[in-house]
Amino acid sequence: MAVENLEDVRGYATSDVFTPHPTRPGLWRIVGRTDDVIVLRSGEKVVPLPQEDYLNSVPMVSSAIMFGRGQSQPGVVIELMAGHTIDPKDEKAVIDMRNQLWPHIEEANKRAPAFARLFKETIIIADPAKPFTRAAKGTAIRKVVIRAYEQEIDDLYEKIEESADSQGLTPPEAWTPQKIEVWLAEHAATINKGQLPSSSVDLFEQGFDSLSATFLRNRIIAALRSSEDKVVQAKSSEIGQDFVFKYPTLSGLSFAIAALVNPEFKDAVPLTLSEEIQSMIAKYSANLPSFETFQPPKSGAVVLLTGSTGALGCHLLSSLLSDDSVVEVITLNRGSDVAGRQRVGFEDRGLSTGLLSSSKWTSLVGTTTQVDLGLDNAQAHVVKSRVTHVIHNAWKVDFNLSLGSFEGYVASTRSLIDFSASCENPVRLLFTSSAAAVYAWDVSKGAIPEEVMDDPSVAAVSGYGASKFVAEHILAHASSRGMSAISARIGQICGSTTSGDWNPSEWFPALVKTSLALGCLPDLNGPVSWIPIDITAHSVVDVLLSESAVPTVFNVVHPRPAQLSDIFTALNNATETRLEIIPFIDWVRRVEALSTSTSSRDIEIYPAVKLLRFWQTILQANARSASSENTVEAAGLPVLQTTKAEELSLSLRAAVPVGKKEVDLWLQYWRKVNFISL
């Protein structure tokens with residue numbers, strides 16, 4: 001006898017909450033019950049079980065029950081194990097216990113989206129006199145517990161409503177930059193583990209991450225909405241998703257907020273990106289040393305390589321160690337166990353670890369922004385007496401961050417220039433730049449030339465690209481002082497021709513994994529000049545070691561582009577279920593929809609959610625491609641010239657077009673590292 005409870009179709013609604021299998025359509029996992037879901041005032045839905053399950057595993061915790069239906073943020077009631085209980089009326093004891101629990105709360109928060117994060121002010125410590133009511137199997141009964149602690153929960157939210165912050169702070173005393181900065185500092189401290197950030201230093205260099213930025217943005221919006229002034233309230237809608245990324249210092253944020261509320265402060269808003277670029281170029285190009293003319297060494301090259309443990313760095317090191325004209329490679333990296341990390345990097349990318357036993361390799365630990373690169377006197381003396389070439393490859397890749405977040409990397413470029421000037425031999429310095437430095441190029445002018453661009457607006461796509469643009473200019477200034485300084489402007493790198501190693505954190509792997517989970521691929525047509533990472537490394541080394549005259553800038557992209565539609569066809573042929581092709585704008589909208597209620601586990605399934613700003617930038621670039629057929633690639637990205645690069649690099653001239661073989665290798669690699677399953 002069938003039991004049914006649906007009016008429109010035959011079936012039974014179990015009230016379970018499911019999530020889809022990341023790669024196998026039709027398979028689902030139960031993650032909770034619909035009556036467990038907490039619907040916040042904003043309409044966002046919190047599935048509490050991942051956070052509760054983690055907290056329930058903490059030794060001092062007997063049980064944790066989250067609450068918050070209809071409220072602005074969730075909270076949790078925590079029942080402590082015997083021997084850890086406290087009197088919840090003892091305010092000092094509660095504060096101390098919240099501090100003890102906080103590391104575990106932070107860990108639990110990693111399992112939830114930003115809007116579901118728990119904060120210290122939303123932790124209620126259960127009263128030993130009111131133990132949780134439990135079912136026969138020993139689990140706490142959610143509805144009964146929440147009803148028993150209804151008064152405590154109401155009191156908590158009343159305090160939150162009375163105060164704009166967890167520490168009892170009110171909104172800014174006035175909407176002036178000075179008052180706003182004070183308010184921001186205290187809020188940022190509560191979000192940043194109690195550490196008070198410097199007002200002039202980038203927040204992301206002081207412990208902030210994307211979730212921290214999201215929460216600070218939410219507090220700014222809440223403060224604006226709490227104003228009695230209708231005009232100020234309306235300004236809350238102008239705080240974009242990237243607001244904290246766009247103004248990543250407390251000083252910059254305070255002026256930006258003040259200018260929103262009061263037009264009289266608009267003239268005090270921080271520099272535009274183009275102005276910031278020009279200012280940073282001037283700062284790090286001042287008082288450059290003079291250089292002797294570079295001559296190719298007769299006894300072989302001694303190369304100093306920074307950033308050798310990353311993807312491109314590993315391939316560069318492999319290429320240098322395999323080159324007979326290189327007699328020594330000195331790598332400079334930060335952190336501990338560099339040799340171990342280097343070996344793991346080689347193993348992961350299918351490179352010969354036997355090369356790391358070569359007597360040609362010397363591994364040093366240092367910091368490029370410090371005097372003599374952070375080396376001791378003896379090490380610095382040896383390096384200065386031997387080095388003939390430098391490859392500066394150490395750079396963070398993050399398209400969310402502002403230019404200010406990369407100033408340390410720009411400073412390291414200047415530091416390496418100064419270090420090179422103090423070497424006994426004239427040094428050639430090659431910087432691994434990026435096509436992102438010129439992605440806002442006017443495609444109506446044709447392909448991007450292999451030269452330094454004067455207009456800073458061509459770099460106005462991201463802080464990452466802007467930082468590369470700045471470094472290119474600093475090297476160009478050094479070149480004018482006699483240095484052999486080169487920028488290798490590298491386009492989109494793809495997996496190697498031997499192992500297919502393509503970093504899963506990059507945009508295309510994220511697109512592939514998300515598309516497999518969604519069951520559809522975006523309709524992106526046109527050529528792509530993606531270049532395998534091993535060919536990229538060989539091309540860079542070819543130019544570095546060239547005995548011919550070298551240009552100030554050369555572009556490293558594939559001289560024979562592939563068609564993205566052919567790559568998608570190869571992807572589709574490799575999957576069990578053929579993926580539907582949908583318009584790119586529809587694909588982006590699906591990713592945007594996921595971002596509104598995605599947990600940390602879901603982000604593993606749909607990693608494209610983390611790159612929303614990137615997809616939106618590509619969407620805008622794609623819109624301009626229709627009228628510029630021969631000067632843009634797929635997604636509206638500009639074409640780059642490779643004439644100078646091909647003249648100097650046999651590896652680039654001989655590169656075979658990317659096709660089915662390469663796609664199969666990428667998929668094999670992503671399966672090997674457990675990124676996807678097919």
# chains A, B, ... in the order shown; residues from 1 in each chain; ligands from 1
$ residues_around --residues "stretch 447-458 of chain A" --least-positions-apart "4" --cutoff "10 Å" --atoms "only C-alpha atoms" --output "number ranges by chain"
A: 273-278, 435-443, 465-466, 469-470, 472-473, 475-476, 487-489, 551-556, 630-632, 638-645
$ residues_around --residues "stretch 661-675 of chain A" --least-positions-apart "3" --cutoff "10 Å" --atoms "only C-alpha atoms" --output "ChimeraX atom specification"
/A:348-350,494-505,509-510,512-513,532,566-571,573-575,604-605,657-658,678
$ write_last_selection --atoms "N, CA and C atoms" --output "compact mmCIF listing (two decimals), in the first residue's frame"
# COMPACT_ATOMS: atom_id res chain seq x y z
N ASP A 348 54.36 16.22 -8.34
CA ASP A 348 52.97 16.52 -8.68
C ASP A 348 52.82 16.85 -10.16
N ARG A 349 53.86 17.45 -10.76
CA ARG A 349 53.76 17.91 -12.15
C ARG A 349 54.43 16.96 -13.13
N GLY A 350 54.84 15.80 -12.65
CA GLY A 350 55.41 14.80 -13.54
C GLY A 350 56.80 15.16 -14.04
N CYS A 494 48.30 26.61 -20.09
CA CYS A 494 47.50 25.39 -19.88
C CYS A 494 48.42 24.25 -19.47
N GLY A 495 47.86 23.05 -19.32
CA GLY A 495 48.62 21.91 -18.83
C GLY A 495 49.76 21.53 -19.75
N SER A 496 50.77 20.88 -19.19
CA SER A 496 51.97 20.54 -19.95
C SER A 496 51.68 19.48 -21.01
N THR A 497 52.60 19.36 -21.95
CA THR A 497 52.44 18.41 -23.05
C THR A 497 52.79 16.99 -22.64
N THR A 498 53.32 16.83 -21.42
CA THR A 498 53.72 15.49 -20.97
C THR A 498 52.81 14.93 -19.87
N SER A 499 52.49 15.76 -18.87
CA SER A 499 51.67 15.26 -17.75
C SER A 499 50.30 15.93 -17.66
N GLY A 500 50.10 17.01 -18.43
CA GLY A 500 48.81 17.70 -18.38
C GLY A 500 48.61 18.53 -17.14
N ASP A 501 49.66 18.76 -16.35
CA ASP A 501 49.47 19.44 -15.06
C ASP A 501 48.97 20.87 -15.27
N TRP A 502 47.75 21.10 -14.82
CA TRP A 502 47.12 22.42 -14.91
C TRP A 502 46.51 22.70 -13.54
N ASN A 503 47.00 23.74 -12.89
CA ASN A 503 46.59 24.07 -11.52
C ASN A 503 45.06 24.13 -11.42
N PRO A 504 44.45 23.27 -10.59
CA PRO A 504 42.98 23.24 -10.49
C PRO A 504 42.37 24.54 -9.98
N SER A 505 43.16 25.39 -9.35
CA SER A 505 42.60 26.64 -8.81
C SER A 505 42.41 27.71 -9.87
N PRO A 509 40.04 25.21 -15.25
CA PRO A 509 39.68 24.02 -14.47
C PRO A 509 38.43 24.24 -13.63
N ALA A 510 38.29 25.44 -13.03
CA ALA A 510 37.08 25.74 -12.25
C ALA A 510 35.85 25.71 -13.13
N VAL A 512 35.48 23.94 -15.88
CA VAL A 512 35.20 22.55 -16.26
C VAL A 512 34.50 21.81 -15.13
N LYS A 513 35.03 21.91 -13.91
CA LYS A 513 34.43 21.18 -12.79
C LYS A 513 33.01 21.67 -12.51
N PRO A 532 50.99 25.49 -23.44
CA PRO A 532 51.35 24.53 -22.39
C PRO A 532 52.46 25.07 -21.50
N ASP A 566 36.53 23.39 -30.31
CA ASP A 566 37.16 22.07 -30.46
C ASP A 566 37.57 21.52 -29.10
N ILE A 567 38.03 22.41 -28.22
CA ILE A 567 38.40 21.98 -26.87
C ILE A 567 37.18 21.49 -26.11
N PHE A 568 36.07 22.23 -26.22
CA PHE A 568 34.83 21.80 -25.56
C PHE A 568 34.32 20.48 -26.14
N THR A 569 34.48 20.30 -27.44
CA THR A 569 34.07 19.04 -28.06
C THR A 569 34.89 17.89 -27.50
N ALA A 570 36.19 18.10 -27.36
CA ALA A 570 37.06 17.06 -26.79
C ALA A 570 36.67 16.77 -25.34
N LEU A 571 36.31 17.82 -24.60
CA LEU A 571 35.84 17.62 -23.22
C LEU A 571 34.57 16.80 -23.19
N ASN A 573 33.44 14.73 -25.40
CA ASN A 573 33.67 13.35 -25.83
C ASN A 573 34.31 12.51 -24.73
N ALA A 574 34.96 13.17 -23.78
CA ALA A 574 35.63 12.45 -22.70
C ALA A 574 34.71 12.20 -21.50
N THR A 575 33.52 12.78 -21.50
CA THR A 575 32.59 12.60 -20.37
C THR A 575 31.54 11.56 -20.71
N GLU A 604 33.38 23.49 -3.24
CA GLU A 604 34.25 22.44 -3.78
C GLU A 604 33.63 21.84 -5.03
N ILE A 605 32.30 21.77 -5.06
CA ILE A 605 31.61 21.20 -6.22
C ILE A 605 31.51 22.21 -7.34
N PRO A 657 49.90 22.93 -32.10
CA PRO A 657 48.61 23.42 -31.60
C PRO A 657 48.00 22.52 -30.53
N VAL A 658 47.33 23.10 -29.58
CA VAL A 658 46.65 22.35 -28.52
C VAL A 658 45.44 21.63 -29.12
N LEU A 678 35.39 11.27 -13.47
CA LEU A 678 34.61 11.03 -14.69
C LEU A 678 34.26 9.56 -14.80
$ closest_atom_pairs --of "stretch 102-221 of chain A" --to "stretch 88-91 of chain A" --cutoff "8 Å" --atoms "only C-alpha atoms" --output "tab-separated table"
residue	atom	partner	partner_atom	distance
A:Ile125	CA	A:Pro88	CA	6.0
A:Ala126	CA	A:Pro88	CA	6.9
A:Asp127	CA	A:Pro88	CA	6.0
$ closest_atom_pairs --of "stretch 273-358 of chain A" --to "stretch 371-377 of chain A" --cutoff "12 Å" --atoms "only C-alpha atoms" --output "CSV"
residue,atom,partner,partner_atom,distance
A:Leu304,CA,A:Leu373,CA,11.4
A:Thr306,CA,A:Leu373,CA,10.5
A:Thr331,CA,A:Leu373,CA,11.8
A:Leu332,CA,A:Leu373,CA,8.6
A:Asn333,CA,A:Leu373,CA,10.0
A:Arg334,CA,A:Gly374,CA,9.8
$ write_last_selection --atoms "N, CA and C atoms" --output "PDB file, in the first residue's frame"
ATOM      1  N   LEU A 304      69.698  33.074 -11.021  1.00  0.00           N
ATOM      2  CA  LEU A 304      68.957  33.200  -9.765  1.00  0.00           C
ATOM      3  C   LEU A 304      67.471  33.199 -10.107  1.00  0.00           C
ATOM      4  N   THR A 306      63.537  33.235  -8.587  1.00  0.00           N
ATOM      5  CA  THR A 306      62.616  33.391  -7.454  1.00  0.00           C
ATOM      6  C   THR A 306      61.304  32.670  -7.768  1.00  0.00           C
ATOM      7  N   THR A 331      67.979  28.941  -6.459  1.00  0.00           N
ATOM      8  CA  THR A 331      66.576  29.294  -6.231  1.00  0.00           C
ATOM      9  C   THR A 331      66.445  30.042  -4.918  1.00  0.00           C
ATOM     10  N   LEU A 332      65.568  31.030  -4.908  1.00  0.00           N
ATOM     11  CA  LEU A 332      65.324  31.828  -3.702  1.00  0.00           C
ATOM     12  C   LEU A 332      63.834  31.788  -3.395  1.00  0.00           C
ATOM     13  N   ASN A 333      63.488  31.234  -2.248  1.00  0.00           N
ATOM     14  CA  ASN A 333      62.090  31.106  -1.847  1.00  0.00           C
ATOM     15  C   ASN A 333      61.926  31.469  -0.382  1.00  0.00           C
ATOM     16  N   ARG A 334      60.701  31.730  -0.003  1.00  0.00           N
ATOM     17  CA  ARG A 334      60.375  31.986   1.389  1.00  0.00           C
ATOM     18  C   ARG A 334      59.889  30.696   2.038  1.00  0.00           C
TER      19      ARG A 334
END
$ residues_around --residues "A:Ser322" --least-positions-apart "5" --cutoff "10 Å" --atoms "only C-alpha atoms" --output "list of chain:residue names"
A:Leu316, A:Leu317, A:Leu355, A:Ser358, A:Lys360
$ residues_around --residues "A:Phe245" --least-positions-apart "2" --cutoff "12 Å" --atoms "only C-alpha atoms" --output "MDAnalysis selection string"
chainID A and resid 202:204 208:214 216:217 239:243 247:250 252:253 398:405 462:464 613
$ write_last_selection --atoms "C-alpha atoms" --output "compact mmCIF listing (two decimals), in the first residue's frame"
# COMPACT_ATOMS: atom_id res chain seq x y z
CA ASP A 202 46.13 46.59 2.97
CA LEU A 203 43.63 44.56 5.01
CA PHE A 204 44.50 41.41 3.04
CA PHE A 208 41.67 39.40 6.03
CA ASP A 209 40.30 36.93 3.51
CA SER A 210 37.27 36.87 1.23
CA LEU A 211 34.91 35.87 4.04
CA SER A 212 36.23 38.65 6.27
CA ALA A 213 35.68 41.14 3.44
CA THR A 214 32.14 39.88 2.95
CA LEU A 216 32.80 43.76 6.86
CA ARG A 217 30.81 44.75 3.78
CA ILE A 239 27.92 49.03 -1.70
CA GLY A 240 28.99 46.50 -4.36
CA GLN A 241 30.23 42.96 -3.82
CA ASP A 242 33.80 44.12 -4.45
CA PHE A 243 33.63 47.21 -2.20
CA TYR A 247 39.20 49.99 -1.17
CA PRO A 248 41.31 47.52 0.83
CA THR A 249 42.63 49.91 3.50
CA LEU A 250 40.61 51.34 6.38
CA GLY A 252 40.40 54.19 1.70
CA LEU A 253 37.18 52.57 2.89
CA ASP A 398 44.56 36.71 -7.15
CA PHE A 399 42.18 38.64 -9.39
CA ASN A 400 40.12 39.85 -6.41
CA LEU A 401 42.82 41.95 -4.77
CA SER A 402 43.56 45.60 -5.42
CA LEU A 403 46.85 47.05 -6.66
CA GLY A 404 47.80 48.04 -3.11
CA SER A 405 47.70 44.38 -2.09
CA SER A 462 42.41 43.95 -11.96
CA GLY A 463 44.89 44.80 -9.25
CA TYR A 464 46.92 41.76 -10.30
CA ARG A 613 34.22 38.92 -10.59
$ atom_distance --atom1 "atom CA of A:Glu228" --atom2 "atom CA of A:Val182"
20.6 Å
$ closest_residue --among "A:Val427, A:Asp337, A:Ala129, A:Asp534" --to "A:Cys314" --atoms "only C-alpha atoms"
A:Asp534
$ select_by_dssp --residues "stretch 209-339 of chain A" --states "strand (DSSP E)" --output "list in words"
Ala301, Val302, Val303, Leu304, Leu305, Thr306, Val326, Val327, Glu328, Val329, Ile330, Thr331, Leu332 and Asn333 of chain A
$ write_last_selection --atoms "C-alpha atoms" --output "tab-separated table (two decimals), in the first residue's frame"
chain	number	residue	atom	x	y	z
A	301	ALA	CA	75.09	31.08	-17.07
A	302	VAL	CA	74.44	31.25	-13.33
A	303	VAL	CA	70.72	31.90	-12.87
A	304	LEU	CA	68.96	33.20	-9.76
A	305	LEU	CA	65.29	32.10	-9.84
A	306	THR	CA	62.62	33.39	-7.45
A	326	VAL	CA	73.48	26.78	-17.48
A	327	VAL	CA	76.20	25.87	-14.98
A	328	GLU	CA	74.30	26.73	-11.80
A	329	VAL	CA	70.74	27.54	-10.71
A	330	ILE	CA	70.19	29.30	-7.38
A	331	THR	CA	66.58	29.29	-6.23
A	332	LEU	CA	65.32	31.83	-3.70
A	333	ASN	CA	62.09	31.11	-1.85
$ closest_atom_pairs --of "stretch 451-561 of chain A" --to "stretch 413-421 of chain A" --cutoff "8 Å" --atoms "only C-alpha atoms" --output "Markdown table"
| residue | atom | partner | partner_atom | distance |
| --- | --- | --- | --- | --- |
| A:Ala471 | CA | A:Thr413 | CA | 6.7 |
| A:Ile474 | CA | A:Arg414 | CA | 7.4 |
| A:Ala478 | CA | A:Ile417 | CA | 7.5 |
$ closest_residue --among "A:Ile676, A:Ala394, A:Val656, A:Val201" --to "A:Ser251" --atoms "only C-alpha atoms"
A:Val201
$ residues_around --residues "A:Ile180" --least-positions-apart "4" --cutoff "6 Å" --atoms "only C-alpha atoms" --output "PyMOL selection string"
chain A and resi 172+176+254
$ write_last_selection --atoms "N, CA and C atoms" --output "compact mmCIF listing (two decimals), in the first residue's frame"
# COMPACT_ATOMS: atom_id res chain seq x y z
N PRO A 172 28.89 54.77 13.21
CA PRO A 172 29.78 55.93 13.32
C PRO A 172 29.08 57.13 13.95
N THR A 176 31.75 61.13 8.63
CA THR A 176 32.96 61.80 8.17
C THR A 176 34.07 60.75 8.07
N SER A 254 37.05 54.37 4.50
CA SER A 254 36.37 55.45 5.22
C SER A 254 36.06 56.62 4.29
$ atom_distance --atom1 "atom CA of A:Leu511" --atom2 "atom CA of A:Ile533"
18.9 Å
$ select_by_dssp --residues "stretch 90-192 of chain A" --states "helix (DSSP H, G or I)" --output "VMD selection string"
chain A and resid 91 to 109 114 to 116 120 to 122 142 to 148 150 to 162 177 to 191
